[in-house]
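**Q** Questions regarding the structure given below will be posed in turn.
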Amino acid sequence: MLLRPEDPARLAEMVAGALADGTPLELVGGGTKRGLGRPMQAAATLDLSGLAGIQLYEPAELVMAAGAGTPLAAIEAELAANGQMLAFEPPDYGPLYGGPAGRQTIGGVFATNLAGPRRIKAGAARDHFLGTGAVSGRGEAFKAGGRVVKNVTGYDLCKLLAGSHGTLAVLHSVTFKVLPAPEKARTVLVFGLDPATAAAAMAAALGSPHEVASAAHLPPGIAARSAVDFVRGAGAAVTAVRVEGPGPSVAVRCTALRELLGAHGAVEELHSSRSARFWAEVRDVAGLLPDPATALWRLSVAPMDGHRVAAEVGRALPAELLFDWAGGLVWLAVPAEGDAGAAIVRGAVAGVGGHATLVRAPEALRAAVPPFQPQAPGVAALSARVKAGFDPRGILNPGRMAPDL
Amino acid sequence: MLMPEPDRATIARRDEIVAALRVIVPDGVIDRAEGMRVYESDGLTAYRQLPLVVVLPGTTQQVADVLRWCGRNGVKVVPRGAGTSLSGGALPLADGVLLGMARFNRVLEIDADNRCAVVQPGVTNLGISQAVAHLGFYYAPDPSSQIACTIGGNVAENSGGVHCLKYGLTTNNVLGVEMVTIDGEVVRLGGRHLDSAGYDLLGIVVGSEGLLGVVTEVTVRILPKPSTARAVLIGFPTSEAAGDCVAAIIAAGIIPGGMEMMDRLAIHAAEDFVHAGYPRDVEALLIVELDGPAAEVDHLIERVAEIARERGSVTLRVSESEAERLAFWAGRKAAFPAVGRISPDYYCMDGTIPRHRLPLVLSRMREMEAQYGLRVANVFHAGDGNLHPLILYDANRPGELERAEAFGSDILRLCVEVGGVLTGEHGVGVEKRDLMGTMFDENDLAHQQRLKCAFDPDGLLNPGKVFPTLHRCAELGRLHVSGGKLPFPDLPRF
Ligand SMILES: Cc1cc2nc3c(=O)[nH]c(=O)nc-3n(C[C@H](O)[C@H](O)[C@H](O)COP(=O)(O)OP(=O)(O)OC[C@H]3O[C@@H](n4cnc5c(N)ncnc54)[C@H](O)[C@@H]3O)c2cc1C
């Protein structure tokens, strides 16, 4: 069954109805990330695309509000027309799951709390999520937060809802912080580093006062797939460091970074459009790890642990990999067989602290291997109680994050 | 403000409670009135209450044992850092244990390569920056109370500072915590990595005002110090012009490191106190700080100066040395004590508004000054719309405190009315508890309280704060299901 509410009141009625009948709902915005998480059995699809439209945009106040079903593309176009952006750079995983690009909705962006390469400087979706109107699994409408950046009135429910993958409440409108787009962006490339040296080089860049916005490392085989000529043609591993800001500042900082990084290897510089294309492919991943048959892991660890974890996994599994977030975000493409390397990957992560998400794998595999990192018992118990408070009958995306969430 | 009626049975058990705590923390229990006096109030000094007993644990294990004992015995607990809260968050309860975190004062690890530091919650905010300064790093959120306030208190209040416009609040700069729940369970949320694998419980613990657990360790993000920082001091003939200038700077795509505004009364008070060199003949003063590489700072200062002139600034000075920059800030950072010198008492408010409503809010505040017969000095985190009206009053004059409070409540209601919120960084505490209903309806508050129920179902941690009425968790959990409205097939549940 398909439910498609066109306003919040109707949405609340539908959720209350599902609650009364005990009918599990699958929440769908643009449907681009349905492959993320545990497979679910839902009796009905709650299609949120009807709750669309920009409700408020005040560029000078750095704030926008929109219906949760608003296509991200529409939001980004409106922001771009005003020289602004979503600073956390939401990735587009559509193509990663074999779907088209450009289909995701803003509600899905906040519900999954994903962020792109600028995460290390600007924060994730959660850090820009100011307010929301939602309906919990209790069928009750509620609001949280507000429209201003500084707000400590009550618990920060937006943080809880960001990254809850639709398992606590259905968002119908979201209010978020927007920021001026940088006037200029450039990327300094260093060639031929191994992952450990690259991690040290990226740490040096991020530890410098040159305000690095992003740092990534592509091993040779991955770099060879880049759509950016200087990267593709390098014939070597590529370590990239992005700098953004007013023109004169970017020029000075790039020079300084070239000097700093030049000690490690030959350097090159990408200017505006090449730089943008490069970071878009690091953000969306599908172009760099293109084999749709592989299982994909996304690991978040401390930046200096990334290469260690990757090396440990690499010794046990045939894995292709790349590093974002100065080494703290590791993407691994492994054969979609057995447990997709879960024991090895999670074992390696457990050794250093962090989490590993099985972002893409065939359904049967995602039913057998928990796609989201299992939590420590105390945290899992708290999370289960939070779920019980917001969705006591488990009707919202039931089981998507964990069997009991 | 009324606190919940103290429980006589608990008070009657005081000797037993003191004895039990002494077993857990032999050298850290204070039960004599003289010794407890320093804990009777926090930064909201109008409210005072001696706790039942004070305990000062020194290890996570002791915190866990204290909480487990209190949890099992139904005894309330109020966590406390340095006691600088301006909302009464650390106000003791007559029937509650005050749990002071002062002994947790060590920096545990500095991890420069991963750009983070692991500290105990009793370390001061400034202490973190000082501990990492030799490596060229600092901790960005900088409340004006930073010499005294603790990182544990900052986490509980989600504190901000003048540099939050560019670098975010506490919540954007904390990577992980270790926390003890009321049943004595030690949990770790986050770590040195980014983002959460499951629900972002770290995100709700930050800003939870000591109601969800006691934080025993904090991992913070540290940032490289900008190579240059310069401040511009800009005077305006009206607050409206200053407000326009702020909007124009942001509209030009510039996010300064800090952007603060003061009104005439605050300027004069600050200038008399610290002689920062502020102009006295202006109605509003902006301090705009630009930081980054010298090339960027010089470039942006030019643009800010140009915008300011277009918006009718009458004075403009750019700091030419680090000493001068610090002097510009000294006045602003000392604004609260400076106002304290010109009035026997002052009451600091903390609403946030959409910035463009500033002229309206200021003019309505002037009307209220007349109505209440009290003056207001305004300092304002202008970049993010966070107002700090300081209401001047004299507690020794009968009725003045009540008038100041009523005035303050009116200001906060006004903030909500124009699209803002009750508190930008100081927290709800006891102070704004009864105003929560102006911003949230029953359902909104019930959903917040369900979180509380997940962590502390018996409501033993810091009760009487944040929520106007704390419903029983059983009542909040009850489902009101009306008959099925949609023709769903009856599917087997799994
Ligand atoms: C002069 C002055 C200027 C100020 N300027 C600013 C400013 O610029 N920005 C700003 O945001 N605030 C400011 N404040 C407010 C205050 O300093 C902050 O709220 C600060 O974070 C409180 O820290 P504290 O250690 O004093 O905590 P306390 O006042 O002791 O406690 C505050 C709250 O935190 C809880 N708590 C404390 N430690 C823990 C812990 N370990 N675990 C769990 N809960 C805990 C308490 O129960 C209480 O609810 C100012 C205060 C003063 C007096």
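The chains in the structure tokens are called A, B, ... from first to last as shown; in each chain the residues are counted from 1, and the ligands are counted from 1 in the order shown.
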Within 9 Å of Tyr167 in chain B, counting only C-alpha atoms, which residues qualify if same-chain residues fewer than 2 places away don't, as a PyMOL selection string?
**A** (chain A and resi 122) or (chain B and resi 140-141+163-165+169+172-173+257)
**Q** Could those selected residues go to a file with C-alpha atoms, as an mmCIF file, in the first residue's frame?
**A**
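Final output, again-v5.cif:
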```cif
data_model
loop_
_atom_site.group_PDB
_atom_site.id
_atom_site.type_symbol
_atom_site.label_atom_id
_atom_site.label_comp_id
_atom_site.auth_asym_id
_atom_site.auth_seq_id
_atom_site.Cartn_x
_atom_site.Cartn_y
_atom_site.Cartn_z
ATOM 1 C CA ALA A 122 32.051 22.313 8.670
ATOM 2 C CA ALA B 140 37.223 27.123 20.078
ATOM 3 C CA PRO B 141 34.062 27.734 22.168
ATOM 4 C CA HIS B 163 33.714 32.837 18.507
ATOM 5 C CA CYS B 164 30.771 30.493 18.003
ATOM 6 C CA LEU B 165 29.574 32.287 14.913
ATOM 7 C CA LEU B 169 28.976 25.798 20.004
ATOM 8 C CA ASN B 172 29.891 21.115 17.370
ATOM 9 C CA ASN B 173 33.234 20.721 19.135
ATOM 10 C CA GLY B 257 35.373 34.941 13.838
#
```
**Q** Please list as a ChimeraX atom specification every residue within 6 Å of Gly354 in chain A, counting only C-alpha atoms and excluding residues in the same chain fewer than 4 positions away.
**A** /A:300-301,349 /B:193
**Q** Name each residue within 6 Å of ligand 1, counting only C-alpha atoms and all ligand atoms, as a PyMOL selection string.
**A** chain B and resi 42-43+78-86+89-90+101+121+143-145+149-150+152-154+156-157+159-161+209-210+213-216+336+425-426
**Q** For the selection you just gave me, I'd like the residues written to a file as a tab-separated table (two decimals), in the first residue's frame, keeping N, CA and C atoms.
**A**
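Here's the written file result-v8.tsv:
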```tsv
chain	number	residue	atom	x	y	z
B	42	ASP	N	24.42	29.10	42.28
B	42	ASP	CA	25.35	29.17	41.15
B	42	ASP	C	25.37	30.62	40.65
B	43	GLY	N	25.56	30.82	39.34
B	43	GLY	CA	25.64	32.18	38.82
B	43	GLY	C	24.30	32.92	38.88
B	78	VAL	N	22.14	16.37	42.16
B	78	VAL	CA	22.37	17.56	41.33
B	78	VAL	C	23.86	17.62	40.99
B	79	PRO	N	24.22	17.43	39.72
B	79	PRO	CA	25.64	17.55	39.35
B	79	PRO	C	26.06	19.02	39.32
B	80	ARG	N	27.32	19.25	39.58
B	80	ARG	CA	27.82	20.62	39.58
B	80	ARG	C	29.25	20.67	39.07
B	81	GLY	N	29.53	21.65	38.23
B	81	GLY	CA	30.89	21.90	37.77
B	81	GLY	C	31.46	23.03	38.61
B	82	ALA	N	31.64	24.21	37.99
B	82	ALA	CA	32.18	25.35	38.72
B	82	ALA	C	31.08	26.22	39.31
B	83	GLY	N	29.84	25.91	38.98
B	83	GLY	CA	28.75	26.71	39.54
B	83	GLY	C	28.62	28.09	38.93
B	84	THR	N	28.94	28.23	37.66
B	84	THR	CA	28.77	29.54	37.01
B	84	THR	C	27.48	29.61	36.18
B	85	SER	N	26.69	28.56	36.22
B	85	SER	CA	25.45	28.58	35.43
B	85	SER	C	24.64	29.83	35.72
B	86	LEU	N	24.10	30.43	34.69
B	86	LEU	CA	23.30	31.64	34.88
B	86	LEU	C	21.81	31.31	34.89
B	89	GLY	N	21.04	26.03	36.89
B	89	GLY	CA	21.16	24.61	36.56
B	89	GLY	C	21.79	23.80	37.69
B	90	ALA	N	22.68	24.44	38.44
B	90	ALA	CA	23.39	23.72	39.51
B	90	ALA	C	22.80	24.06	40.88
B	101	MET	N	32.05	18.04	40.68
B	101	MET	CA	33.01	17.37	39.81
B	101	MET	C	34.39	18.04	39.83
B	121	PRO	N	36.04	16.27	33.23
B	121	PRO	CA	35.02	17.31	33.09
B	121	PRO	C	35.25	18.54	33.97
B	143	PRO	N	33.22	30.74	26.24
B	143	PRO	CA	32.32	31.54	27.07
B	143	PRO	C	33.10	32.60	27.85
B	144	SER	N	32.45	33.71	28.13
B	144	SER	CA	33.15	34.78	28.86
B	144	SER	C	33.59	34.31	30.24
B	145	SER	N	32.96	33.26	30.73
B	145	SER	CA	33.31	32.71	32.04
B	145	SER	C	34.44	31.69	31.93
B	149	CYS	N	34.56	28.38	34.32
B	149	CYS	CA	33.59	27.33	34.03
B	149	CYS	C	34.30	26.07	33.54
B	150	THR	N	33.68	24.92	33.80
B	150	THR	CA	34.32	23.65	33.45
B	150	THR	C	33.77	23.11	32.14
B	152	GLY	N	32.78	20.16	31.71
B	152	GLY	CA	31.58	19.37	32.05
B	152	GLY	C	30.35	20.26	32.07
B	153	GLY	N	30.48	21.43	32.66
B	153	GLY	CA	29.37	22.39	32.66
B	153	GLY	C	29.06	22.86	31.25
B	154	ASN	N	30.10	23.07	30.44
B	154	ASN	CA	29.90	23.49	29.04
B	154	ASN	C	29.12	22.43	28.27
B	156	ALA	N	27.09	20.22	29.56
B	156	ALA	CA	25.73	20.18	30.07
B	156	ALA	C	24.89	21.33	29.54
B	157	GLU	N	25.51	22.49	29.36
B	157	GLU	CA	24.75	23.67	28.93
B	157	GLU	C	24.86	23.92	27.42
B	159	SER	N	27.40	25.32	25.93
B	159	SER	CA	27.79	26.72	26.02
B	159	SER	C	28.37	27.25	24.72
B	160	GLY	N	28.23	28.55	24.60
B	160	GLY	CA	28.77	29.24	23.43
B	160	GLY	C	29.78	30.27	23.88
B	161	GLY	N	30.17	31.10	22.95
B	161	GLY	CA	31.12	32.17	23.25
B	161	GLY	C	31.16	33.11	22.08
B	209	GLU	N	21.72	19.61	30.47
B	209	GLU	CA	21.64	20.30	31.76
B	209	GLU	C	21.69	19.35	32.96
B	210	GLY	N	22.49	18.32	32.86
B	210	GLY	CA	22.69	17.43	34.00
B	210	GLY	C	21.49	16.55	34.31
B	213	GLY	N	22.67	12.30	32.86
B	213	GLY	CA	23.76	11.51	33.41
B	213	GLY	C	24.86	12.44	33.87
B	214	VAL	N	25.88	11.88	34.49
B	214	VAL	CA	27.01	12.69	34.93
B	214	VAL	C	28.19	12.39	34.01
B	215	VAL	N	28.68	13.42	33.37
B	215	VAL	CA	29.78	13.27	32.42
B	215	VAL	C	31.09	13.17	33.19
B	216	THR	N	31.87	12.13	32.89
B	216	THR	CA	33.10	11.91	33.64
B	216	THR	C	34.36	12.04	32.77
B	336	PHE	N	29.69	41.92	31.77
B	336	PHE	CA	28.79	41.58	32.88
B	336	PHE	C	29.28	42.20	34.18
B	425	GLU	N	22.28	30.13	25.01
B	425	GLU	CA	23.47	29.42	25.49
B	425	GLU	C	23.51	29.21	26.99
B	426	HIS	N	22.65	29.86	27.75
B	426	HIS	CA	22.75	29.74	29.21
B	426	HIS	C	21.91	28.60	29.78
```
**Q** Which value, in Å to one decimal, gives the distance between CA of Gly53 in chain A and CA of Lys177 in chain A?
**A**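 Result for CA of Gly53 in chain A versus CA of Lys177 in chain A: 16.6 Å, one decimal.
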**Q** Which is closer to Val243 in chain A than all the others in A:Pro180, A:Pro117, A:Gly139, A:Gly146, using only C-alpha atoms?
**A**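 Answer, going by the shortest atom-to-atom distance: A:Pro117.
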**Q** Between CA of Leu460 in chain B and CA of Leu476 in chain B, what is the distance, to one decimal in Å?
**A**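 Those two atoms sit 16.5 Å apart.
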**Q** Which one is closest to Val178 in chain A: A:Lys33, A:Arg242, A:Arg253, A:Arg147? Count only C-alpha atoms.
**A**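 Using only C-alpha atoms, the shortest distance to Val178 in chain A belongs to A:Arg147.
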**Q** Find the spatial neighbours of Ala162 in chain A, counting only C-alpha atoms, within a cut-off of 7 Å - ignore same-chain residues fewer than 5 positions away - and output them as a list in words.
**A** Phe110, Ala111, Thr112, Asn113 and Arg126 of chain A
**Q** Restricting the output to C-alpha atoms, write the selected residues as a PDB file, in the first residue's frame.
**A**
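Final output, saved to again-v2.pdb:
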```
ATOM      1  CA  PHE A 110      18.910  14.846   7.608  1.00  0.00           C
ATOM      2  CA  ALA A 111      17.469  11.454   8.511  1.00  0.00           C
ATOM      3  CA  THR A 112      20.707   9.757   7.485  1.00  0.00           C
ATOM      4  CA  ASN A 113      23.067  12.474   8.740  1.00  0.00           C
ATOM      5  CA  ARG A 126      23.388  17.253  12.407  1.00  0.00           C
TER       6      ARG A 126
END
```
**Q** So that I can check the surroundings of range 215-226 of chain A, please list as an NGL selection string every protein, DNA and RNA residue that reaches within 6 Å of it, counting only C-alpha atoms and ignoring chain neighbours fewer than 3 positions away.
**A** :A and (231-232 or 236-241 or 288 or 322-326)
**Q** So that I can see what lies close to Glu296 in chain B, please list as a list of chain:residue names the residues with an atom at most 9 Å from it, counting only C-alpha atoms and leaving out residues fewer than 3 positions away in the same chain.
**A**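 Here the qualifying residues turn out to be A:Gly245, A:Pro246, A:Gly247, A:Pro248, A:Ser249, A:Val250, A:Val252, B:Leu290, B:Asp291, B:Gly292, B:Pro293, B:His299, B:Leu300, B:Ile301.
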